[in-house]
Amino acid sequence: MSADYYQVQFIAHVLDTSPQMAGSRERYIGLADEAQDIRERVKLVSAVLEAAHGLPAVSGADDTLKILMLPEFFFRGASGAYSMDGIQTAVSALQDLVRNAKWRHWMFVFGTIVGKSFPTRDVASGADKHPIDDDRKAEVYNYALVQKGGFGDGAGAGPAAAHAVIKQYLSGIDFIEQASLAGKGLSEEWVQHLQPKGDKRDERQSAAYDGAAVFRRDGLTFGVEICLDHLNGRLAHSLNRPAIDIQLIPSCGGYIKAGSIVARRDGYVFNCDGADYPLCRLQKVGSGDLVAAKTLVLDAGSTRAGELFAAGVGRLVAYPVQTL
């Protein structure tokens, strides 16, 4: 294999990213002000990254690629989804966190970011000729930002070191049903999700932000499936699929499904799940599950984790270094 790395190490930030119970109902948990919500979540990510970087169990070797993954729905806010401007703010802030050289041999899967946009209607006159059409569903987008770190300060360097993979299959638990929704927010009945283009398609990315699920980076081929995409075999059913070295599954209610594993023999399948009882799991294909080397219960410190996630700040789980 002509990979840039000889070894890989997997690290998970395990925490509950599901909605919070409010009596017999549920609500999306977060700060009412979108910009503040994003700032506080990015602040938490920064604290998690520093904790991971300082773990004695985490390799400092340049020949070891460190992959740190957060669960699905880490970024969604109090309404269930951010505005498109909010998404760009979150992406830029996350890229700023990892531009320095200390992150050069790290790759981050920043959970998923959920965005929304609203259809408009044309009117013949008036100050706003394209008002929001309240009779149509909001369009929602759930995607994983995969970011290589240490890219420096050059113009466009952050996006050039990133890949965006969009979730295709909407789960019945991705949004709260109207009858169960406490307070304001997007209900399941009033969202329209990007649908897959048939059961079989070529998932190789032709551009870093095109949403497809397979890409090359550092001489390795990665496949990313968000929760139900993996359970439905998005990659397993794809066309012209190359050999996958590392299969990554950020989820909230998902798990590694044997029939959906596409990583090559001696490749790796890594899942970080944010459901009510959050967990992570790492498998080496052909060998089975690997046991974590270190678990660190995180300290919320000055973050507002308790206002952002139902069960607080969570824990870091680091697995032993593996050979590629």
# chains A, B, ... in the order shown; residues from 1 in each chain; ligands from 1

$ closest_atom_pairs --of "segment 177-250 of chain A" --to "segment 14-31 of chain A" --cutoff "8 Å" --atoms "only C-alpha atoms" --output "Markdown table"
| residue | atom | partner | partner_atom | distance |
| --- | --- | --- | --- | --- |
| A:Ser180 | CA | A:Arg25 | CA | 4.8 |
| A:Leu181 | CA | A:Glu26 | CA | 5.3 |
| A:Ala182 | CA | A:Arg27 | CA | 5.1 |
| A:Gly183 | CA | A:Arg27 | CA | 6.8 |
| A:Gly185 | CA | A:Tyr28 | CA | 7.3 |

$ write_last_selection --atoms "N, CA, C and O atoms" --output "short mmCIF file (atom, residue, chain, number, x, y, z; two decimals), in the first residue's frame"
data_model
loop_
_atom_site.label_atom_id
_atom_site.label_comp_id
_atom_site.auth_asym_id
_atom_site.auth_seq_id
_atom_site.Cartn_x
_atom_site.Cartn_y
_atom_site.Cartn_z
N SER A 180 -45.02 15.04 19.58
CA SER A 180 -44.09 14.83 20.70
C SER A 180 -43.16 16.02 20.92
O SER A 180 -42.35 16.00 21.85
N LEU A 181 -43.26 17.03 20.07
CA LEU A 181 -42.32 18.16 20.10
C LEU A 181 -42.71 19.16 21.18
O LEU A 181 -43.82 19.69 21.19
N ALA A 182 -41.77 19.41 22.09
CA ALA A 182 -41.97 20.43 23.12
C ALA A 182 -41.32 21.73 22.65
O ALA A 182 -40.15 21.75 22.31
N GLY A 183 -42.09 22.79 22.62
CA GLY A 183 -41.56 24.07 22.19
C GLY A 183 -41.43 24.17 20.68
O GLY A 183 -42.04 23.42 19.93
N GLY A 185 -39.39 24.29 16.97
CA GLY A 185 -38.41 23.46 16.29
C GLY A 185 -39.02 22.77 15.10
O GLY A 185 -40.24 22.81 14.88
#

$ residues_around --residues "Ile67 of chain A" --least-positions-apart "4" --cutoff "9 Å" --atoms "only C-alpha atoms" --output "PyMOL selection string"
chain A and resi 8-12+105-109

$ write_last_selection --atoms "N, CA, C and O atoms" --output "compact mmCIF listing (two decimals), in the first residue's frame"
# COMPACT_ATOMS: atom_id res chain seq x y z
N VAL A 8 -2.42 3.77 12.15
CA VAL A 8 -3.60 4.59 12.36
C VAL A 8 -4.07 4.39 13.80
O VAL A 8 -3.91 3.31 14.37
N GLN A 9 -4.63 5.44 14.39
CA GLN A 9 -5.21 5.35 15.73
C GLN A 9 -6.58 6.01 15.73
O GLN A 9 -6.75 7.12 15.21
N PHE A 10 -7.54 5.33 16.31
CA PHE A 10 -8.93 5.80 16.33
C PHE A 10 -9.30 6.31 17.72
O PHE A 10 -9.03 5.65 18.73
N ILE A 11 -9.95 7.48 17.74
CA ILE A 11 -10.36 8.12 18.99
C ILE A 11 -11.80 8.59 18.81
O ILE A 11 -12.15 9.17 17.78
N ALA A 12 -12.63 8.35 19.80
CA ALA A 12 -14.04 8.75 19.72
C ALA A 12 -14.39 9.69 20.86
O ALA A 12 -13.95 9.50 22.00
N HIS A 105 -1.11 15.58 11.52
CA HIS A 105 -1.30 14.13 11.36
C HIS A 105 -2.59 13.65 12.01
O HIS A 105 -2.68 12.51 12.48
N TRP A 106 -3.57 14.53 12.01
CA TRP A 106 -4.89 14.22 12.55
C TRP A 106 -5.96 14.41 11.47
O TRP A 106 -5.85 15.28 10.62
N MET A 107 -6.96 13.57 11.54
CA MET A 107 -8.16 13.72 10.72
C MET A 107 -9.36 13.75 11.67
O MET A 107 -9.42 12.97 12.63
N PHE A 108 -10.31 14.63 11.39
CA PHE A 108 -11.46 14.82 12.26
C PHE A 108 -12.76 14.56 11.50
O PHE A 108 -12.93 15.04 10.38
N VAL A 109 -13.63 13.80 12.13
CA VAL A 109 -15.01 13.68 11.64
C VAL A 109 -15.85 14.42 12.67
O VAL A 109 -16.10 13.90 13.76

$ closest_atom_pairs --of "segment 21-45 of chain A" --to "segment 84-101 of chain A" --cutoff "10 Å" --atoms "only C-alpha atoms" --output "tab-separated table"
residue	atom	partner	partner_atom	distance
A:Glu34	CA	A:Gly86	CA	7.1
A:Ala35	CA	A:Gly86	CA	6.9
A:Asp37	CA	A:Gly86	CA	9.8
A:Ile38	CA	A:Ala90	CA	6.2
A:Arg39	CA	A:Ala90	CA	7.9
A:Arg41	CA	A:Ala90	CA	8.9
A:Val42	CA	A:Leu94	CA	6.6
A:Lys43	CA	A:Leu97	CA	9.3
A:Val45	CA	A:Leu94	CA	8.2

$ write_last_selection --atoms "N, CA, C and O atoms" --output "tab-separated table (two decimals), in the first residue's frame"
chain	number	residue	atom	x	y	z
A	34	GLU	N	-28.63	31.23	17.70
A	34	GLU	CA	-27.89	30.29	16.86
A	34	GLU	C	-26.39	30.54	16.88
A	34	GLU	O	-25.59	29.60	17.02
A	35	ALA	N	-25.99	31.79	16.73
A	35	ALA	CA	-24.56	32.10	16.69
A	35	ALA	C	-23.88	31.72	17.99
A	35	ALA	O	-22.77	31.17	17.99
A	37	ASP	N	-24.95	29.41	20.11
A	37	ASP	CA	-24.97	27.94	20.18
A	37	ASP	C	-23.78	27.37	19.42
A	37	ASP	O	-23.08	26.48	19.94
A	38	ILE	N	-23.52	27.87	18.25
A	38	ILE	CA	-22.40	27.38	17.45
A	38	ILE	C	-21.08	27.67	18.15
A	38	ILE	O	-20.20	26.80	18.22
A	39	ARG	N	-20.93	28.88	18.67
A	39	ARG	CA	-19.68	29.23	19.37
A	39	ARG	C	-19.42	28.29	20.54
A	39	ARG	O	-18.28	27.84	20.74
A	41	ARG	N	-20.56	25.21	21.02
A	41	ARG	CA	-20.25	23.85	20.57
A	41	ARG	C	-18.82	23.77	20.04
A	41	ARG	O	-18.11	22.78	20.29
A	42	VAL	N	-18.41	24.78	19.31
A	42	VAL	CA	-17.03	24.80	18.81
A	42	VAL	C	-16.05	24.90	19.99
A	42	VAL	O	-14.99	24.26	19.98
A	43	LYS	N	-16.40	25.67	21.00
A	43	LYS	CA	-15.57	25.77	22.20
A	43	LYS	C	-15.42	24.40	22.87
A	43	LYS	O	-14.34	24.02	23.31
A	45	VAL	N	-15.71	21.49	21.31
A	45	VAL	CA	-14.86	20.69	20.43
A	45	VAL	C	-13.40	21.01	20.68
A	45	VAL	O	-12.54	20.12	20.75

$ atom_distance --atom1 "atom CA of Glu225 of chain A" --atom2 "atom CA of Leu248 of chain A"
6.4 Å

$ closest_residue --among "A:Leu220, A:Ala51, A:Ile226, A:Ala78" --to "Ala3 of chain A" --atoms "only C-alpha atoms"
A:Leu220

$ atom_distance --atom1 "atom CA of Leu279 of chain A" --atom2 "atom CA of Gln247 of chain A"
16.8 Å

$ atom_distance --atom1 "atom CA of Gly288 of chain A" --atom2 "atom CA of Leu170 of chain A"
29.3 Å

$ select_by_dssp --residues "segment 222-262 of chain A" --states "helix (DSSP H, G or I)" --output "CSV table (one decimal) with all heavy atoms, in the first residue's frame"
chain,number,residue,atom,x,y,z
A,228,LEU,N,-28.2,5.7,9.3
A,228,LEU,CA,-29.1,4.8,8.5
A,228,LEU,C,-28.5,4.5,7.1
A,228,LEU,O,-28.9,3.5,6.6
A,228,LEU,CB,-30.5,5.5,8.4
A,228,LEU,CG,-31.6,4.6,7.7
A,228,LEU,CD1,-31.8,3.3,8.5
A,228,LEU,CD2,-32.9,5.4,7.6
A,229,ASP,N,-27.7,5.4,6.6
A,229,ASP,CA,-27.0,5.1,5.4
A,229,ASP,C,-26.3,3.8,5.5
A,229,ASP,O,-26.2,3.0,4.5
A,229,ASP,CB,-26.1,6.2,5.0
A,229,ASP,CG,-26.8,7.5,4.5
A,229,ASP,OD1,-28.0,7.5,4.5
A,229,ASP,OD2,-26.1,8.5,4.1
A,230,HIS,N,-25.6,3.6,6.6
A,230,HIS,CA,-24.8,2.3,6.8
A,230,HIS,C,-25.8,1.2,6.9
A,230,HIS,O,-25.6,0.1,6.3
A,230,HIS,CB,-23.9,2.4,8.0
A,230,HIS,CG,-23.2,1.2,8.3
A,230,HIS,ND1,-22.2,0.7,7.6
A,230,HIS,CD2,-23.4,0.3,9.4
A,230,HIS,CE1,-21.8,-0.5,8.1
A,230,HIS,NE2,-22.5,-0.7,9.2
A,231,LEU,N,-26.8,1.3,7.8
A,231,LEU,CA,-27.8,0.2,8.0
A,231,LEU,C,-28.5,-0.2,6.7
A,231,LEU,O,-28.8,-1.3,6.5
A,231,LEU,CB,-28.8,0.6,9.1
A,231,LEU,CG,-28.2,1.0,10.4
A,231,LEU,CD1,-29.3,1.3,11.4
A,231,LEU,CD2,-27.3,-0.2,11.0
A,258,ALA,N,-23.0,-6.2,10.0
A,258,ALA,CA,-22.1,-7.1,9.3
A,258,ALA,C,-22.3,-7.0,7.8
A,258,ALA,O,-21.4,-7.0,7.0
A,258,ALA,CB,-22.3,-8.5,9.9
A,259,GLY,N,-23.6,-7.0,7.4
A,259,GLY,CA,-23.9,-7.0,5.9
A,259,GLY,C,-23.6,-5.8,5.2
A,259,GLY,O,-23.6,-5.7,4.0
A,260,SER,N,-23.2,-4.7,6.0
A,260,SER,CA,-22.9,-3.4,5.3
A,260,SER,C,-21.4,-3.1,5.4
A,260,SER,O,-21.0,-2.0,5.0
A,260,SER,CB,-23.7,-2.3,6.0
A,260,SER,OG,-25.1,-2.5,5.7

$ residues_around --residues "Ile166 of chain A" --least-positions-apart "2" --cutoff "12 Å" --atoms "only C-alpha atoms" --output "PyMOL selection string"
chain A and resi 72+111-115+140-146+163-164+168-170+193-196+203+205+208-214+224-229+234+250

$ write_last_selection --atoms "N, CA, C and O atoms" --output "short mmCIF file (atom, residue, chain, number, x, y, z; two decimals), in the first residue's frame"
data_model
loop_
_atom_site.label_atom_id
_atom_site.label_comp_id
_atom_site.auth_asym_id
_atom_site.auth_seq_id
_atom_site.Cartn_x
_atom_site.Cartn_y
_atom_site.Cartn_z
N GLU A 72 -23.14 11.65 15.24
CA GLU A 72 -24.15 12.36 14.45
C GLU A 72 -24.90 13.35 15.33
O GLU A 72 -25.09 13.13 16.52
N GLY A 111 -18.67 14.89 13.73
CA GLY A 111 -20.06 14.46 13.86
C GLY A 111 -20.80 14.80 12.58
O GLY A 111 -20.28 14.61 11.48
N THR A 112 -22.04 15.29 12.73
CA THR A 112 -22.73 15.86 11.57
C THR A 112 -23.26 17.24 11.91
O THR A 112 -23.45 17.59 13.08
N ILE A 113 -23.46 18.01 10.87
CA ILE A 113 -24.02 19.36 10.95
C ILE A 113 -25.34 19.34 10.21
O ILE A 113 -25.40 18.90 9.05
N VAL A 114 -26.41 19.78 10.85
CA VAL A 114 -27.73 19.76 10.23
C VAL A 114 -28.10 21.20 9.85
O VAL A 114 -28.06 22.11 10.69
N GLY A 115 -28.45 21.38 8.59
CA GLY A 115 -28.85 22.69 8.09
C GLY A 115 -30.25 22.67 7.53
O GLY A 115 -30.82 21.62 7.25
N VAL A 140 -33.98 20.07 4.54
CA VAL A 140 -32.95 19.84 5.56
C VAL A 140 -31.79 19.04 4.98
O VAL A 140 -31.97 18.21 4.09
N TYR A 141 -30.61 19.31 5.52
CA TYR A 141 -29.38 18.70 5.03
C TYR A 141 -28.57 18.26 6.24
O TYR A 141 -28.29 19.06 7.13
N ASN A 142 -28.20 17.00 6.28
CA ASN A 142 -27.45 16.44 7.39
C ASN A 142 -26.15 15.89 6.82
O ASN A 142 -26.17 14.92 6.05
N TYR A 143 -25.03 16.50 7.15
CA TYR A 143 -23.79 16.04 6.53
C TYR A 143 -22.62 16.03 7.51
O TYR A 143 -22.62 16.74 8.52
N ALA A 144 -21.67 15.18 7.20
CA ALA A 144 -20.45 15.05 8.00
C ALA A 144 -19.33 15.84 7.34
O ALA A 144 -19.07 15.68 6.15
N LEU A 145 -18.67 16.68 8.14
CA LEU A 145 -17.46 17.36 7.71
C LEU A 145 -16.27 16.53 8.14
O LEU A 145 -16.05 16.34 9.34
N VAL A 146 -15.51 16.03 7.17
CA VAL A 146 -14.28 15.29 7.45
C VAL A 146 -13.13 16.22 7.12
O VAL A 146 -12.98 16.65 5.97
N HIS A 163 -13.62 17.15 3.29
CA HIS A 163 -14.60 16.42 2.49
C HIS A 163 -15.94 16.51 3.20
O HIS A 163 -16.00 16.40 4.43
N ALA A 164 -17.00 16.69 2.45
CA ALA A 164 -18.35 16.72 3.02
C ALA A 164 -19.12 15.53 2.47
O ALA A 164 -19.17 15.31 1.25
N GLN A 168 -28.10 10.47 3.16
CA GLN A 168 -29.13 10.32 2.15
C GLN A 168 -30.45 9.80 2.71
O GLN A 168 -31.51 10.21 2.25
N TYR A 169 -30.40 8.90 3.66
CA TYR A 169 -31.63 8.28 4.14
C TYR A 169 -32.11 8.94 5.44
O TYR A 169 -31.39 8.95 6.45
N LEU A 170 -33.30 9.47 5.43
CA LEU A 170 -33.89 10.10 6.61
C LEU A 170 -34.49 9.02 7.51
O LEU A 170 -35.34 8.23 7.08
N HIS A 193 -36.18 15.86 3.16
CA HIS A 193 -34.78 15.44 3.22
C HIS A 193 -34.31 15.03 1.83
O HIS A 193 -35.07 14.44 1.06
N LEU A 194 -33.06 15.34 1.53
CA LEU A 194 -32.48 14.91 0.26
C LEU A 194 -32.61 13.40 0.13
O LEU A 194 -32.20 12.65 1.01
N GLN A 195 -33.18 12.94 -0.95
CA GLN A 195 -33.40 11.51 -1.16
C GLN A 195 -32.29 10.91 -2.01
O GLN A 195 -31.71 11.58 -2.86
N PRO A 196 -31.98 9.64 -1.79
CA PRO A 196 -30.95 8.99 -2.59
C PRO A 196 -31.38 8.83 -4.05
O PRO A 196 -32.56 8.71 -4.34
N GLU A 203 -20.32 6.18 -5.68
CA GLU A 203 -20.14 7.02 -4.50
C GLU A 203 -18.75 7.67 -4.42
O GLU A 203 -18.41 8.28 -3.41
N GLN A 205 -16.18 10.50 -4.73
CA GLN A 205 -16.29 11.95 -4.82
C GLN A 205 -15.53 12.48 -6.04
O GLN A 205 -14.38 12.11 -6.26
N ALA A 208 -14.64 17.74 -3.46
CA ALA A 208 -14.58 17.49 -2.02
C ALA A 208 -15.89 17.76 -1.30
O ALA A 208 -16.13 17.22 -0.22
N TYR A 209 -16.74 18.60 -1.87
CA TYR A 209 -17.99 18.95 -1.19
C TYR A 209 -19.21 18.45 -1.96
O TYR A 209 -20.29 19.00 -1.82
N ASP A 210 -19.05 17.40 -2.75
CA ASP A 210 -20.20 16.96 -3.57
C ASP A 210 -21.13 16.00 -2.82
O ASP A 210 -22.16 15.60 -3.34
N GLY A 211 -20.76 15.62 -1.59
CA GLY A 211 -21.66 14.82 -0.76
C GLY A 211 -21.53 13.33 -0.91
O GLY A 211 -22.13 12.57 -0.13
N ALA A 212 -20.79 12.85 -1.92
CA ALA A 212 -20.63 11.41 -2.09
C ALA A 212 -19.81 10.82 -0.94
O ALA A 212 -19.16 11.55 -0.18
N ALA A 213 -19.81 9.49 -0.82
CA ALA A 213 -19.36 8.85 0.42
C ALA A 213 -17.97 8.24 0.38
O ALA A 213 -17.51 7.71 1.38
N VAL A 214 -17.28 8.29 -0.76
CA VAL A 214 -15.95 7.66 -0.88
C VAL A 214 -14.96 8.71 -1.37
O VAL A 214 -15.22 9.43 -2.33
N VAL A 224 -17.53 6.88 4.12
CA VAL A 224 -18.25 7.46 5.26
C VAL A 224 -19.75 7.24 5.06
O VAL A 224 -20.30 7.59 4.01
N GLU A 225 -20.39 6.65 6.06
CA GLU A 225 -21.83 6.45 6.03
C GLU A 225 -22.42 6.98 7.34
O GLU A 225 -21.96 6.60 8.42
N ILE A 226 -23.41 7.82 7.25
CA ILE A 226 -24.04 8.40 8.43
C ILE A 226 -25.24 7.55 8.84
O ILE A 226 -26.23 7.46 8.11
N CYS A 227 -25.12 6.87 9.95
CA CYS A 227 -26.21 6.15 10.62
C CYS A 227 -27.02 5.25 9.67
O CYS A 227 -26.54 4.21 9.25
N LEU A 228 -28.24 5.66 9.32
CA LEU A 228 -29.13 4.82 8.52
C LEU A 228 -28.54 4.52 7.15
O LEU A 228 -28.85 3.48 6.55
N ASP A 229 -27.69 5.40 6.63
CA ASP A 229 -27.03 5.09 5.36
C ASP A 229 -26.25 3.79 5.45
O ASP A 229 -26.25 2.98 4.52
N ARG A 234 -25.63 1.77 2.02
CA ARG A 234 -25.32 2.75 0.98
C ARG A 234 -24.05 2.38 0.21
O ARG A 234 -24.04 2.36 -1.02
N PRO A 250 -20.39 7.80 11.71
CA PRO A 250 -20.96 8.63 12.77
C PRO A 250 -22.47 8.40 12.81
O PRO A 250 -23.12 8.37 11.77
#

$ closest_residue --among "A:Lys200, A:Val165, A:Val317, A:Ser251" --to "Phe215 of chain A" --atoms "only C-alpha atoms"
A:Val165

$ residues_around --residues "Lys66 of chain A" --least-positions-apart "2" --cutoff "12 Å" --atoms "only C-alpha atoms" --output "number ranges by chain"
A: 5-12, 49, 52-53, 57-64, 68-69, 102-109, 147-149, 318-322

$ select_by_dssp --residues "segment 226-292 of chain A" --states "strand (DSSP E)" --output "list in words"
Ile244, Asp245, Ile246, Gln247, Leu248, Ile249, Pro250, Ser251, Ala263, Arg264, Arg265, Asp266, Gly267, Tyr268, Val269, Phe270, Asn271, Cys272, Asp273, Leu279, Cys280, Arg281, Leu282, Gln283, Lys284, Gly288 and Asp289 of chain A

$ residues_around --residues "Arg265 of chain A" --least-positions-apart "6" --cutoff "8 Å" --atoms "only C-alpha atoms" --output "list in words"
Lys284, Val285 and Gly286 of chain A
